[in-house]
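**Q** One file is attached below, upload.pdb, containing PDB, C-alpha atoms.
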```pdb
ATOM      1  CA  MET X1492      94.555  72.723  23.760
ATOM      2  CA  ALA X1493      98.096  71.691  24.757
ATOM      3  CA  GLN X1494      98.541  67.947  25.291
ATOM      4  CA  PRO X1495     100.678  66.548  28.131
ATOM      5  CA  PRO X1496     103.883  64.657  27.097
ATOM      6  CA  VAL X1497     103.094  61.051  26.150
ATOM      7  CA  ASN X1498     105.134  59.459  28.946
ATOM      8  CA  ALA X1499     104.381  61.942  31.571
ATOM      9  CA  GLY X1500     103.873  60.125  34.884
ATOM     10  CA  ILE X1501     103.997  56.668  33.323
ATOM     11  CA  VAL X1502     106.606  54.082  34.397
ATOM     12  CA  ALA X1503     107.762  51.784  31.623
ATOM     13  CA  PRO X1504     107.244  48.010  32.290
ATOM     14  CA  GLY X1505     110.361  46.428  33.879
ATOM     15  CA  ALA X1506     111.885  49.652  34.785
ATOM     16  CA  PRO X1507     112.902  50.047  38.390
ATOM     17  CA  GLU X1508     110.457  51.726  40.614
ATOM     18  CA  PRO X1509     111.500  55.265  41.054
ATOM     19  CA  THR X1510     112.845  55.915  44.491
ATOM     20  CA  PRO X1511     110.583  58.178  46.347
ATOM     21  CA  GLN X1512     112.248  61.547  46.612
ATOM     22  CA  ARG X1513     112.385  63.248  49.930
ATOM     23  CA  THR X1514     110.909  66.581  49.326
ATOM     24  CA  MET X1515     111.000  69.587  51.533
ATOM     25  CA  PRO X1516     107.583  70.802  52.482
ATOM     26  CA  SER X1517     106.734  73.408  49.955
ATOM     27  CA  THR X1518     106.590  76.960  51.221
ATOM     28  CA  VAL X1519     103.035  78.198  51.483
ATOM     29  CA  ALA X1520     102.687  81.214  49.251
ATOM     30  CA  GLN X1521     101.997  84.265  51.348
ATOM     31  CA  PRO X1522      99.152  86.407  50.125
ATOM     32  CA  ALA X1523     100.302  89.786  48.911
ATOM     33  CA  PRO X1524      99.883  92.449  51.574
ATOM     34  CA  PRO X1525      96.818  94.606  50.995
ATOM     35  CA  PRO X1526      97.566  97.819  49.144
ATOM     36  CA  THR X1527      97.955 100.957  51.193
ATOM     37  CA  PRO X1528      97.723 104.570  50.055
ATOM     38  CA  THR X1529     101.532 104.720  50.029
ATOM     39  CA  THR X1530     101.894 101.632  47.814
ATOM     40  CA  VAL X1531      99.215 102.991  45.475
ATOM     41  CA  LEU X1532     101.085 106.288  45.111
ATOM     42  CA  ASP X1533     104.392 104.484  44.527
ATOM     43  CA  ASP X1534     102.698 102.249  41.927
ATOM     44  CA  LEU X1535     101.311 105.340  40.258
ATOM     45  CA  VAL X1536     104.751 106.912  39.923
ATOM     46  CA  ASP X1537     106.170 103.561  38.705
ATOM     47  CA  GLN X1538     103.494 103.095  36.068
ATOM     48  CA  PHE X1539     103.388 106.662  34.792
ATOM     49  CA  HIS X1540     106.822 107.756  33.698
ATOM     50  CA  ASP X1541     105.466 111.265  33.251
ATOM     51  CA  ALA X1542     104.522 111.474  36.936
ATOM     52  CA  ALA X1543     107.185 112.818  39.281
ATOM     53  CA  GLY X1544     105.333 112.368  42.539
ATOM     54  CA  ALA X1545     102.019 112.056  44.281
ATOM     55  CA  ILE X1546     100.689 113.177  47.609
ATOM     56  CA  LEU X1547      97.518 112.330  49.521
ATOM     57  CA  ALA X1548      96.346 114.776  52.182
ATOM     58  CA  SER X1549      93.398 115.260  54.461
ATOM     59  CA  VAL X1550      91.107 118.132  53.518
ATOM     60  CA  ASP X1551      92.389 120.003  56.571
ATOM     61  CA  GLY X1552      95.980 119.870  55.435
ATOM     62  CA  PHE X1553      97.658 116.872  57.044
ATOM     63  CA  SER X1554      99.806 114.417  55.112
ATOM     64  CA  ILE X1555      98.304 110.955  54.762
ATOM     65  CA  ALA X1556     100.662 109.412  52.235
ATOM     66  CA  GLN X1557     103.134 110.366  49.592
ATOM     67  CA  SER X1558     105.147 108.613  46.951
ATOM     68  CA  SER X1559     108.757 107.857  47.847
ATOM     69  CA  SER X1560     109.795 110.427  45.264
ATOM     70  CA  MET X1561     108.283 113.287  47.286
ATOM     71  CA  SER X1562     110.032 115.063  50.120
ATOM     72  CA  ASP X1563     108.200 115.170  53.417
ATOM     73  CA  GLU X1564     107.323 118.853  53.657
ATOM     74  CA  ALA X1565     104.599 119.745  56.152
ATOM     75  CA  SER X1566     103.610 122.722  54.036
ATOM     76  CA  HIS X1567     102.799 120.603  50.956
ATOM     77  CA  PRO X1568      99.603 118.970  52.265
ATOM     78  CA  ALA X1569      98.575 122.302  53.804
ATOM     79  CA  MET X1570      99.019 124.123  50.493
ATOM     80  CA  LEU X1571      97.166 121.351  48.708
ATOM     81  CA  ALA X1572      94.254 121.553  51.158
ATOM     82  CA  ALA X1573      94.137 125.347  50.875
ATOM     83  CA  ALA X1574      94.204 125.260  47.078
ATOM     84  CA  VAL X1575      91.474 122.643  46.842
ATOM     85  CA  GLY X1576      89.450 124.416  49.551
ATOM     86  CA  LEU X1577      89.586 127.614  47.545
ATOM     87  CA  ALA X1578      88.917 125.760  44.292
ATOM     88  CA  HIS X1579      85.621 124.511  45.756
ATOM     89  CA  GLN X1580      84.611 128.166  46.212
ATOM     90  CA  ILE X1581      85.733 129.065  42.710
ATOM     91  CA  VAL X1582      83.499 126.275  41.403
ATOM     92  CA  SER X1583      80.540 127.985  43.106
ATOM     93  CA  MET X1584      81.595 131.316  41.625
ATOM     94  CA  SER X1585      81.603 129.701  38.188
ATOM     95  CA  GLY X1586      78.119 128.290  38.660
ATOM     96  CA  GLY X1587      79.287 124.720  39.166
ATOM     97  CA  GLU X1588      78.342 122.403  41.972
ATOM     98  CA  GLU X1589      81.138 119.883  42.195
ATOM     99  CA  LEU X1590      84.910 120.279  41.980
ATOM    100  CA  ARG X1591      86.265 117.527  39.784
ATOM    101  CA  GLN X1592      89.843 118.553  39.216
ATOM    102  CA  LEU X1593      92.220 121.390  39.897
ATOM    103  CA  VAL X1594      94.921 121.900  37.281
ATOM    104  CA  VAL X1595      97.931 124.092  37.901
ATOM    105  CA  GLU X1596      99.993 124.410  34.764
ATOM    106  CA  HIS X1597     103.481 125.841  35.040
ATOM    107  CA  ASP X1598     106.597 126.083  32.913
ATOM    108  CA  ARG X1599     107.819 122.615  33.846
ATOM    109  CA  GLY X1600     104.641 120.649  34.004
ATOM    110  CA  LEU X1601     101.353 120.185  35.784
ATOM    111  CA  LEU X1602      99.942 119.727  39.226
ATOM    112  CA  LEU X1603      96.685 117.814  39.037
ATOM    113  CA  ALA X1604      94.608 117.669  42.200
ATOM    114  CA  TRP X1605      91.210 116.276  42.913
ATOM    115  CA  PRO X1606      89.028 115.318  45.865
ATOM    116  CA  ILE X1607      89.110 111.694  46.965
ATOM    117  CA  GLY X1608      85.847 111.112  48.770
ATOM    118  CA  SER X1609      84.813 113.954  51.044
ATOM    119  CA  GLN X1610      87.806 114.024  53.358
ATOM    120  CA  ARG X1611      90.922 113.573  51.251
ATOM    121  CA  VAL X1612      92.652 115.224  48.329
ATOM    122  CA  LEU X1613      95.175 113.765  45.927
ATOM    123  CA  ALA X1614      97.757 115.649  43.900
ATOM    124  CA  VAL X1615      99.976 114.329  41.144
ATOM    125  CA  LEU X1616     102.990 116.241  39.879
ATOM    126  CA  ALA X1617     103.464 115.430  36.239
ATOM    127  CA  GLN X1618     104.874 116.467  32.926
ATOM    128  CA  HIS X1619     102.577 117.994  30.340
ATOM    129  CA  SER X1620     102.683 114.756  28.382
ATOM    130  CA  ILE X1621     100.973 112.607  31.028
ATOM    131  CA  ASP X1622      97.999 110.592  29.829
ATOM    132  CA  GLN X1623      95.346 112.134  32.060
ATOM    133  CA  ARG X1624      92.602 109.749  30.980
ATOM    134  CA  ARG X1625      94.715 106.747  31.965
ATOM    135  CA  LEU X1626      95.773 108.469  35.178
ATOM    136  CA  HIS X1627      92.158 109.050  36.149
ATOM    137  CA  SER X1628      91.323 105.408  35.456
ATOM    138  CA  PHE X1629      94.253 104.302  37.591
ATOM    139  CA  VAL X1630      93.150 106.469  40.518
ATOM    140  CA  HIS X1631      89.482 105.646  40.084
ATOM    141  CA  ALA X1632      90.236 101.924  40.346
ATOM    142  CA  ARG X1633      92.019 102.497  43.658
ATOM    143  CA  THR X1634      89.717 105.062  45.229
ATOM    144  CA  GLN X1635      88.675 102.792  48.079
ATOM    145  CA  VAL X1636      92.281 102.327  49.157
ATOM    146  CA  LEU X1637      92.953 106.055  48.920
ATOM    147  CA  ILE X1638      89.814 106.882  50.870
ATOM    148  CA  GLY X1639      91.118 104.614  53.580
ATOM    149  CA  ALA X1640      88.229 102.165  53.512
ATOM    150  CA  GLY X1641      89.078  99.236  55.728
ATOM    151  CA  SER X1642      92.015 100.962  57.402
TER     152      SER X1642
ATOM    153  CA  MET A1125      86.851 158.387  55.731
ATOM    154  CA  SER A1126      83.719 158.407  53.604
ATOM    155  CA  GLY A1127      83.988 156.489  50.353
ATOM    156  CA  GLN A1128      87.075 154.587  51.368
ATOM    157  CA  THR A1129      87.622 150.853  51.295
ATOM    158  CA  PHE A1130      89.659 149.304  54.067
ATOM    159  CA  LYS A1131      91.318 145.937  54.134
ATOM    160  CA  ILE A1132      91.136 144.209  57.513
ATOM    161  CA  LEU A1133      93.212 141.142  58.304
ATOM    162  CA  VAL A1134      91.322 138.985  60.795
ATOM    163  CA  THR A1135      93.850 136.640  62.317
ATOM    164  CA  GLY A1136      94.747 134.814  65.518
ATOM    165  CA  PRO A1137      95.195 131.301  66.850
ATOM    166  CA  TYR A1138      93.249 128.178  65.874
ATOM    167  CA  ALA A1139      89.637 128.125  67.097
ATOM    168  CA  ALA A1140      89.781 131.674  68.440
ATOM    169  CA  GLY A1141      86.587 132.805  66.672
ATOM    170  CA  LYS A1142      87.858 134.446  63.452
ATOM    171  CA  THR A1143      85.366 132.722  61.151
ATOM    172  CA  SER A1144      82.541 133.347  63.639
ATOM    173  CA  MET A1145      83.368 137.035  63.662
ATOM    174  CA  ILE A1146      83.356 137.375  59.880
ATOM    175  CA  GLN A1147      80.181 135.328  59.563
ATOM    176  CA  SER A1148      78.453 137.360  62.228
ATOM    177  CA  VAL A1149      79.191 140.791  60.721
ATOM    178  CA  SER A1150      79.467 140.253  56.983
ATOM    179  CA  GLN A1151      76.693 141.811  54.947
ATOM    180  CA  THR A1152      77.509 139.721  51.916
ATOM    181  CA  GLN A1153      77.702 135.967  51.641
ATOM    182  CA  VAL A1154      80.923 134.863  53.281
ATOM    183  CA  VAL A1155      83.453 133.116  51.102
ATOM    184  CA  SER A1156      84.422 130.291  53.391
ATOM    185  CA  THR A1157      86.872 127.419  53.027
ATOM    186  CA  ASP A1158      85.734 125.420  56.026
ATOM    187  CA  VAL A1159      86.455 121.696  55.952
ATOM    188  CA  ILE A1160      86.092 118.816  58.367
ATOM    189  CA  THR A1161      88.874 118.592  60.936
ATOM    190  CA  SER A1162      90.836 115.433  61.632
ATOM    191  CA  GLY A1163      93.130 114.112  64.357
ATOM    192  CA  GLU A1164      93.548 116.013  67.598
ATOM    193  CA  GLU A1165      92.081 119.180  66.112
ATOM    194  CA  SER A1166      88.736 117.443  65.701
ATOM    195  CA  GLU A1167      88.542 117.301  69.505
ATOM    196  CA  VAL A1168      88.509 121.099  69.566
ATOM    197  CA  LYS A1169      86.013 121.753  66.767
ATOM    198  CA  SER A1170      84.440 119.982  63.828
ATOM    199  CA  HIS A1171      85.406 122.357  61.004
ATOM    200  CA  THR A1172      88.338 124.603  60.220
ATOM    201  CA  THR A1173      89.338 127.231  57.667
ATOM    202  CA  VAL A1174      92.020 126.003  55.282
ATOM    203  CA  ALA A1175      92.530 128.966  52.976
ATOM    204  CA  MET A1176      90.547 132.065  53.854
ATOM    205  CA  ASP A1177      87.275 133.612  54.908
ATOM    206  CA  PHE A1178      86.101 136.727  53.162
ATOM    207  CA  GLY A1179      83.292 139.017  54.168
ATOM    208  CA  THR A1180      82.332 142.666  53.780
ATOM    209  CA  TYR A1181      80.818 145.363  55.948
ATOM    210  CA  GLN A1182      79.523 148.711  54.821
ATOM    211  CA  VAL A1183      78.844 151.523  57.259
ATOM    212  CA  ALA A1184      75.138 152.422  57.294
ATOM    213  CA  GLY A1185      74.421 155.668  55.433
ATOM    214  CA  ASP A1186      77.999 155.851  54.190
ATOM    215  CA  ASP A1187      79.922 154.263  51.388
ATOM    216  CA  THR A1188      82.878 153.308  53.551
ATOM    217  CA  ARG A1189      83.512 149.616  53.026
ATOM    218  CA  MET A1190      85.475 147.110  55.028
ATOM    219  CA  LEU A1191      86.842 143.986  53.395
ATOM    220  CA  LEU A1192      87.437 141.310  56.003
ATOM    221  CA  PHE A1193      90.077 138.730  55.150
ATOM    222  CA  GLY A1194      90.201 135.873  57.668
ATOM    223  CA  THR A1195      93.224 133.612  57.924
ATOM    224  CA  PRO A1196      93.450 129.991  59.043
ATOM    225  CA  GLY A1197      94.820 129.730  62.577
ATOM    226  CA  GLN A1198      97.209 126.800  62.353
ATOM    227  CA  ALA A1199     100.910 127.315  61.788
ATOM    228  CA  ARG A1200     100.889 124.981  58.788
ATOM    229  CA  PHE A1201      98.716 127.489  56.923
ATOM    230  CA  ARG A1202     100.930 130.489  57.709
ATOM    231  CA  PHE A1203     101.604 130.948  54.008
ATOM    232  CA  MET A1204      97.978 132.083  53.618
ATOM    233  CA  THR A1205      98.561 134.906  56.120
ATOM    234  CA  ASN A1206     101.634 135.918  54.129
ATOM    235  CA  ILE A1207      99.548 135.984  50.947
ATOM    236  CA  MET A1208      96.730 138.022  52.479
ATOM    237  CA  LYS A1209      98.631 140.506  54.621
ATOM    238  CA  GLY A1210      99.683 142.789  51.759
ATOM    239  CA  ASP A1211      98.207 146.319  51.842
ATOM    240  CA  VAL A1212      96.330 145.655  55.060
ATOM    241  CA  ASP A1213      94.995 148.764  56.796
ATOM    242  CA  ILE A1214      94.429 147.209  60.211
ATOM    243  CA  VAL A1215      94.779 143.875  61.994
ATOM    244  CA  ALA A1216      91.922 142.418  64.000
ATOM    245  CA  PHE A1217      93.662 139.894  66.223
ATOM    246  CA  VAL A1218      91.191 137.431  67.743
ATOM    247  CA  VAL A1219      92.116 135.401  70.790
ATOM    248  CA  ASP A1220      89.987 133.057  72.881
ATOM    249  CA  ALA A1221      90.245 134.087  76.530
ATOM    250  CA  GLU A1222      89.588 130.539  77.688
ATOM    251  CA  ALA A1223      92.083 128.802  75.381
ATOM    252  CA  THR A1224      95.045 129.626  77.597
ATOM    253  CA  ALA A1225      97.275 127.080  75.866
ATOM    254  CA  THR A1226      97.234 129.243  72.724
ATOM    255  CA  HIS A1227      98.168 132.525  74.414
ATOM    256  CA  ALA A1228     101.970 132.285  74.454
ATOM    257  CA  VAL A1229     102.269 131.574  70.722
ATOM    258  CA  ALA A1230      99.530 134.114  69.988
ATOM    259  CA  GLY A1231     101.549 136.822  71.701
ATOM    260  CA  VAL A1232     104.643 136.041  69.662
ATOM    261  CA  GLU A1233     102.628 136.066  66.442
ATOM    262  CA  LEU A1234     100.824 139.287  67.296
ATOM    263  CA  ARG A1235     104.026 141.195  67.934
ATOM    264  CA  ALA A1236     105.786 139.745  64.895
ATOM    265  CA  LEU A1237     102.860 140.594  62.636
ATOM    266  CA  LEU A1238     102.554 144.175  63.853
ATOM    267  CA  ARG A1239     106.329 144.731  63.632
ATOM    268  CA  ASP A1240     106.119 143.505  60.056
ATOM    269  CA  LEU A1241     102.995 145.373  58.936
ATOM    270  CA  ARG A1242     103.278 148.597  60.972
ATOM    271  CA  VAL A1243      99.512 149.096  61.021
ATOM    272  CA  PRO A1244      97.127 149.599  63.948
ATOM    273  CA  ALA A1245      95.516 146.627  65.649
ATOM    274  CA  VAL A1246      92.371 145.785  67.530
ATOM    275  CA  ILE A1247      92.596 142.868  69.947
ATOM    276  CA  ALA A1248      89.250 141.034  70.112
ATOM    277  CA  VAL A1249      89.212 138.908  73.258
ATOM    278  CA  ASN A1250      86.566 136.300  72.543
ATOM    279  CA  ARG A1251      84.555 134.482  75.211
ATOM    280  CA  CYS A1252      85.181 137.326  77.616
ATOM    281  CA  ASP A1253      82.756 139.873  79.043
ATOM    282  CA  ASP A1254      85.107 141.724  81.350
ATOM    283  CA  ALA A1255      86.938 144.710  79.860
ATOM    284  CA  ASP A1256      89.641 144.661  82.542
ATOM    285  CA  ALA A1257      90.317 140.942  82.073
ATOM    286  CA  ALA A1258      90.428 141.426  78.309
ATOM    287  CA  ARG A1259      92.892 144.295  78.633
ATOM    288  CA  GLN A1260      95.037 142.288  80.997
ATOM    289  CA  LEU A1261      95.119 139.352  78.595
ATOM    290  CA  ALA A1262      95.952 141.622  75.655
ATOM    291  CA  ARG A1263      98.833 143.183  77.576
ATOM    292  CA  SER A1264     100.125 139.731  78.473
ATOM    293  CA  LEU A1265     100.185 138.972  74.746
ATOM    294  CA  GLY A1266     102.336 142.052  74.232
ATOM    295  CA  ALA A1267      99.654 144.492  73.072
ATOM    296  CA  LEU A1268     100.774 148.077  73.516
ATOM    297  CA  ASP A1269      98.964 150.571  75.744
ATOM    298  CA  GLY A1270      97.454 152.420  72.805
ATOM    299  CA  GLU A1271      96.079 149.330  71.096
ATOM    300  CA  ALA A1272      92.342 148.833  71.317
ATOM    301  CA  VAL A1273      91.016 145.821  73.198
ATOM    302  CA  VAL A1274      87.432 144.585  72.933
ATOM    303  CA  PRO A1275      85.933 141.846  75.108
ATOM    304  CA  CYS A1276      83.422 139.968  72.968
ATOM    305  CA  GLN A1277      81.295 136.888  72.373
ATOM    306  CA  LEU A1278      81.772 136.347  68.668
ATOM    307  CA  ILE A1279      78.921 133.915  68.224
ATOM    308  CA  ASP A1280      76.713 136.949  68.856
ATOM    309  CA  PRO A1281      76.419 139.256  65.809
ATOM    310  CA  ASP A1282      75.980 142.335  68.041
ATOM    311  CA  SER A1283      79.246 141.524  69.746
ATOM    312  CA  GLY A1284      80.937 141.097  66.378
ATOM    313  CA  ARG A1285      79.643 144.505  65.307
ATOM    314  CA  GLU A1286      81.172 146.053  68.440
ATOM    315  CA  VAL A1287      84.539 144.797  67.216
ATOM    316  CA  VAL A1288      83.852 146.309  63.790
ATOM    317  CA  VAL A1289      82.958 149.667  65.382
ATOM    318  CA  GLU A1290      86.231 149.556  67.315
ATOM    319  CA  ILE A1291      88.075 148.800  64.084
ATOM    320  CA  LEU A1292      86.485 151.853  62.434
ATOM    321  CA  LEU A1293      87.318 154.103  65.385
ATOM    322  CA  THR A1294      90.893 152.873  65.398
ATOM    323  CA  LEU A1295      91.190 153.490  61.656
ATOM    324  CA  LEU A1296      89.781 156.991  62.113
ATOM    325  CA  THR A1297      92.239 157.747  64.903
ATOM    326  CA  ALA A1298      95.127 156.442  62.795
ATOM    327  CA  MET A1299      94.071 158.605  59.844
ATOM    328  CA  GLU A1300      93.779 161.699  62.021
ATOM    329  CA  SER A1301      97.192 161.151  63.530
ATOM    330  CA  THR A1302      98.673 160.699  60.056
ATOM    331  CA  LYS A1303      97.021 163.963  58.962
ATOM    332  CA  ALA A1304      98.398 165.747  62.035
ATOM    333  CA  GLU A1305     101.893 164.454  61.280
ATOM    334  CA  VAL A1306     101.659 165.704  57.706
ATOM    335  CA  ALA A1307     100.388 169.115  58.863
TER     336      ALA A1307
END
```
Would you kindly transcribe this structure into structure tokens?
**A**
Amino acid sequence: MAQPPVNAGIVAPGAPEPTPQRTMPSTVAQPAPPPTPTTVLDDLVDQFHDAAGAILASVDGFSIAQSSSMSDEASHPAMLAAAVGLAHQIVSMSGGEELRQLVVEHDRGLLLAWPIGSQRVLAVLAQHSIDQRRLHSFVHARTQVLIGAGS
Amino acid sequence: MSGQTFKILVTGPYAAGKTSMIQSVSQTQVVSTDVITSGEESEVKSHTTVAMDFGTYQVAGDDTRMLLFGTPGQARFRFMTNIMKGDVDIVAFVVDAEATATHAVAGVELRALLRDLRVPAVIAVNRCDDADAARQLARSLGALDGEAVVPCQLIDPDSGREVVVEILLTLLTAMESTKAEVA
């Protein structure tokens, strides 16, 4: 364990009393603002260099949040909602019960989309090289914020 | 007409009754993409179509089949109409007689769609029992004199089937006129 310096806080005998210093009242540290869906999506793009953007939409096609790297196109959340809505049906066709992820692979990368709770969908635009396991962990840890719990 | 398969585009404004119509007449399980609504739209209804509805109808004693493709009604999903409108044989345009706020835009969309597709149309005037009132509303939307208009209550399967019968009659008329032109 680290020891404090020997003379720390001790005044040598005969030495003048230290003059009390006028100190400014220290600034009270402000608590960090609570995360919002927008800050989560910006953090995601910051932390994953292979991610170009992220968008959170309601299941009926309205924009809820997007990373700063995404343009604000009204058709994007609508397309996302339509694709995920149809993907739910394709899951039934395939004998599944629950849609976990929708992957659209194209020549320049991936679009990964998945339901967030029952009323939201998240999409991440990424390069093929993105670490999907880490991405899922990142999103999973922030699901409550993305769901909008407490907002 | 026997043995043919027809593609019907069921379209119209938000909350007009398109999904109800397909659900009420389809003889196979409807492929539905209904989700919970949010915001102001949730004040109108609790669920909405986000991609498509799909149902089928086969004429009794015949192998003529109708494939019903239902679109979402909101403008933000217009791309789905553009995807589904290819090779359509007829448009079933559903409008809610009581939702007067939707009528002006519905008229513009109806005319634009029919100019684009050049196929016959049936105007299904939902929540309306009066043929004259239905016809008047359809004309105000820009429906032409020759276009079929059906007053209906699309929560009632019988009423939905009346629309389907009108669709079949309109298709038959269109085929006969095409034959006459060729001859």
**Q** Pull the closest atom pair for each residue of chain A that gets at most 8 Å from chain X, along with the distance in Å to one decimal, counting only C-alpha atoms, ordering rows by chain and then ascending residue number, as a Markdown table.
**A**
```
| residue | atom | partner | partner_atom | distance |
| --- | --- | --- | --- | --- |
| A:Val1155 | CA | X:Gln1580 | CA | 7.1 |
| A:Ser1156 | CA | X:Gln1580 | CA | 7.5 |
| A:Thr1157 | CA | X:Gly1576 | CA | 5.3 |
| A:Asp1158 | CA | X:Gly1576 | CA | 7.5 |
| A:Val1159 | CA | X:Asp1551 | CA | 6.2 |
| A:Ile1160 | CA | X:Asp1551 | CA | 6.7 |
| A:Thr1161 | CA | X:Asp1551 | CA | 5.8 |
| A:Ser1162 | CA | X:Asp1551 | CA | 7.0 |
| A:Thr1172 | CA | X:Asp1551 | CA | 7.1 |
| A:Thr1173 | CA | X:Asp1551 | CA | 7.9 |
| A:Val1174 | CA | X:Ala1573 | CA | 4.9 |
| A:Ala1175 | CA | X:Ala1573 | CA | 4.5 |
| A:Met1176 | CA | X:Leu1577 | CA | 7.8 |
| A:Arg1200 | CA | X:Ser1566 | CA | 5.9 |
| A:Phe1201 | CA | X:Ala1569 | CA | 6.1 |
```
**Q** Excluding Val1615 of chain X and residues on its chain fewer than 4 positions from it, collect all residues at most 9 Å away from it, counting all atoms listed in the file, and give them as a ChimeraX atom specification.
**A** /X:1536,1542-1547,1601-1604
**Q** Would you mind listing what lies within 7 Å of segment 1227-1230 of chain A as a list of chain:residue names, with all atoms listed in the file counted and same-chain residues fewer than 3 positions away left out?
**A**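 Here the qualifying residues turn out to be A:Gly1136, A:Pro1137, A:Thr1224, A:Glu1233, A:Leu1234, A:Leu1265.
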**Q** Please tell me which residues are no farther than 12 Å from (94.2, 108.4, 36.9) in the file, counting all atoms listed in the file, and write them as a PDB file with C-alpha atoms, in the coordinates of the input.
**A**
```pdb
ATOM      1  CA  VAL X1531      99.215 102.991  45.475  1.00  0.00           C
ATOM      2  CA  LEU X1532     101.085 106.288  45.111  1.00  0.00           C
ATOM      3  CA  ASP X1534     102.698 102.249  41.927  1.00  0.00           C
ATOM      4  CA  LEU X1535     101.311 105.340  40.258  1.00  0.00           C
ATOM      5  CA  VAL X1536     104.751 106.912  39.923  1.00  0.00           C
ATOM      6  CA  GLN X1538     103.494 103.095  36.068  1.00  0.00           C
ATOM      7  CA  PHE X1539     103.388 106.662  34.792  1.00  0.00           C
ATOM      8  CA  ALA X1542     104.522 111.474  36.936  1.00  0.00           C
ATOM      9  CA  ALA X1545     102.019 112.056  44.281  1.00  0.00           C
ATOM     10  CA  GLN X1592      89.843 118.553  39.216  1.00  0.00           C
ATOM     11  CA  LEU X1603      96.685 117.814  39.037  1.00  0.00           C
ATOM     12  CA  ALA X1604      94.608 117.669  42.200  1.00  0.00           C
ATOM     13  CA  TRP X1605      91.210 116.276  42.913  1.00  0.00           C
ATOM     14  CA  ILE X1607      89.110 111.694  46.965  1.00  0.00           C
ATOM     15  CA  LEU X1613      95.175 113.765  45.927  1.00  0.00           C
ATOM     16  CA  ALA X1614      97.757 115.649  43.900  1.00  0.00           C
ATOM     17  CA  VAL X1615      99.976 114.329  41.144  1.00  0.00           C
ATOM     18  CA  ALA X1617     103.464 115.430  36.239  1.00  0.00           C
ATOM     19  CA  ILE X1621     100.973 112.607  31.028  1.00  0.00           C
ATOM     20  CA  ASP X1622      97.999 110.592  29.829  1.00  0.00           C
ATOM     21  CA  GLN X1623      95.346 112.134  32.060  1.00  0.00           C
ATOM     22  CA  ARG X1624      92.602 109.749  30.980  1.00  0.00           C
ATOM     23  CA  ARG X1625      94.715 106.747  31.965  1.00  0.00           C
ATOM     24  CA  LEU X1626      95.773 108.469  35.178  1.00  0.00           C
ATOM     25  CA  HIS X1627      92.158 109.050  36.149  1.00  0.00           C
ATOM     26  CA  SER X1628      91.323 105.408  35.456  1.00  0.00           C
ATOM     27  CA  PHE X1629      94.253 104.302  37.591  1.00  0.00           C
ATOM     28  CA  VAL X1630      93.150 106.469  40.518  1.00  0.00           C
ATOM     29  CA  HIS X1631      89.482 105.646  40.084  1.00  0.00           C
ATOM     30  CA  ALA X1632      90.236 101.924  40.346  1.00  0.00           C
ATOM     31  CA  ARG X1633      92.019 102.497  43.658  1.00  0.00           C
ATOM     32  CA  THR X1634      89.717 105.062  45.229  1.00  0.00           C
TER      33      THR X1634
END
```
**Q** Between atom CA of Ile1214 of chain A and atom CA of Ala1245 of chain A, what is the spacing in Å?
**A**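 Atom CA of Ile1214 of chain A lies at a distance of 5.6 Å from atom CA of Ala1245 of chain A.
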**Q** Please reconstruct the missing atoms of segment 1624-1631 of chain X (target: N, CA, C and O atoms) and return them as a PDB file, in the frame of the given file.
**A**
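Below is the file that was written, part34.pdb:
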```pdb
ATOM      1  N   ARG X1624      93.728 110.691  30.977  1.00  0.00           N
ATOM      2  CA  ARG X1624      92.602 109.749  30.980  1.00  0.00           C
ATOM      3  C   ARG X1624      93.018 108.450  31.685  1.00  0.00           C
ATOM      4  O   ARG X1624      92.297 107.933  32.532  1.00  0.00           O
ATOM      5  N   ARG X1625      94.218 107.980  31.348  1.00  0.00           N
ATOM      6  CA  ARG X1625      94.715 106.747  31.965  1.00  0.00           C
ATOM      7  C   ARG X1625      94.987 106.971  33.467  1.00  0.00           C
ATOM      8  O   ARG X1625      94.718 106.110  34.297  1.00  0.00           O
ATOM      9  N   LEU X1626      95.497 108.144  33.773  1.00  0.00           N
ATOM     10  CA  LEU X1626      95.773 108.469  35.178  1.00  0.00           C
ATOM     11  C   LEU X1626      94.482 108.443  35.992  1.00  0.00           C
ATOM     12  O   LEU X1626      94.428 107.881  37.094  1.00  0.00           O
ATOM     13  N   HIS X1627      93.445 109.025  35.442  1.00  0.00           N
ATOM     14  CA  HIS X1627      92.158 109.050  36.149  1.00  0.00           C
ATOM     15  C   HIS X1627      91.636 107.628  36.347  1.00  0.00           C
ATOM     16  O   HIS X1627      91.100 107.302  37.407  1.00  0.00           O
ATOM     17  N   SER X1628      91.778 106.798  35.332  1.00  0.00           N
ATOM     18  CA  SER X1628      91.323 105.408  35.456  1.00  0.00           C
ATOM     19  C   SER X1628      92.098 104.684  36.549  1.00  0.00           C
ATOM     20  O   SER X1628      91.526 103.950  37.357  1.00  0.00           O
ATOM     21  N   PHE X1629      93.396 104.931  36.581  1.00  0.00           N
ATOM     22  CA  PHE X1629      94.253 104.302  37.591  1.00  0.00           C
ATOM     23  C   PHE X1629      93.777 104.690  38.997  1.00  0.00           C
ATOM     24  O   PHE X1629      93.606 103.849  39.871  1.00  0.00           O
ATOM     25  N   VAL X1630      93.560 105.983  39.188  1.00  0.00           N
ATOM     26  CA  VAL X1630      93.150 106.469  40.518  1.00  0.00           C
ATOM     27  C   VAL X1630      91.742 105.978  40.854  1.00  0.00           C
ATOM     28  O   VAL X1630      91.481 105.531  41.978  1.00  0.00           O
ATOM     29  N   HIS X1631      90.866 106.048  39.852  1.00  0.00           N
ATOM     30  CA  HIS X1631      89.482 105.646  40.084  1.00  0.00           C
ATOM     31  C   HIS X1631      89.413 104.193  40.574  1.00  0.00           C
ATOM     32  O   HIS X1631      88.650 103.866  41.492  1.00  0.00           O
TER      33      HIS X1631
END
```
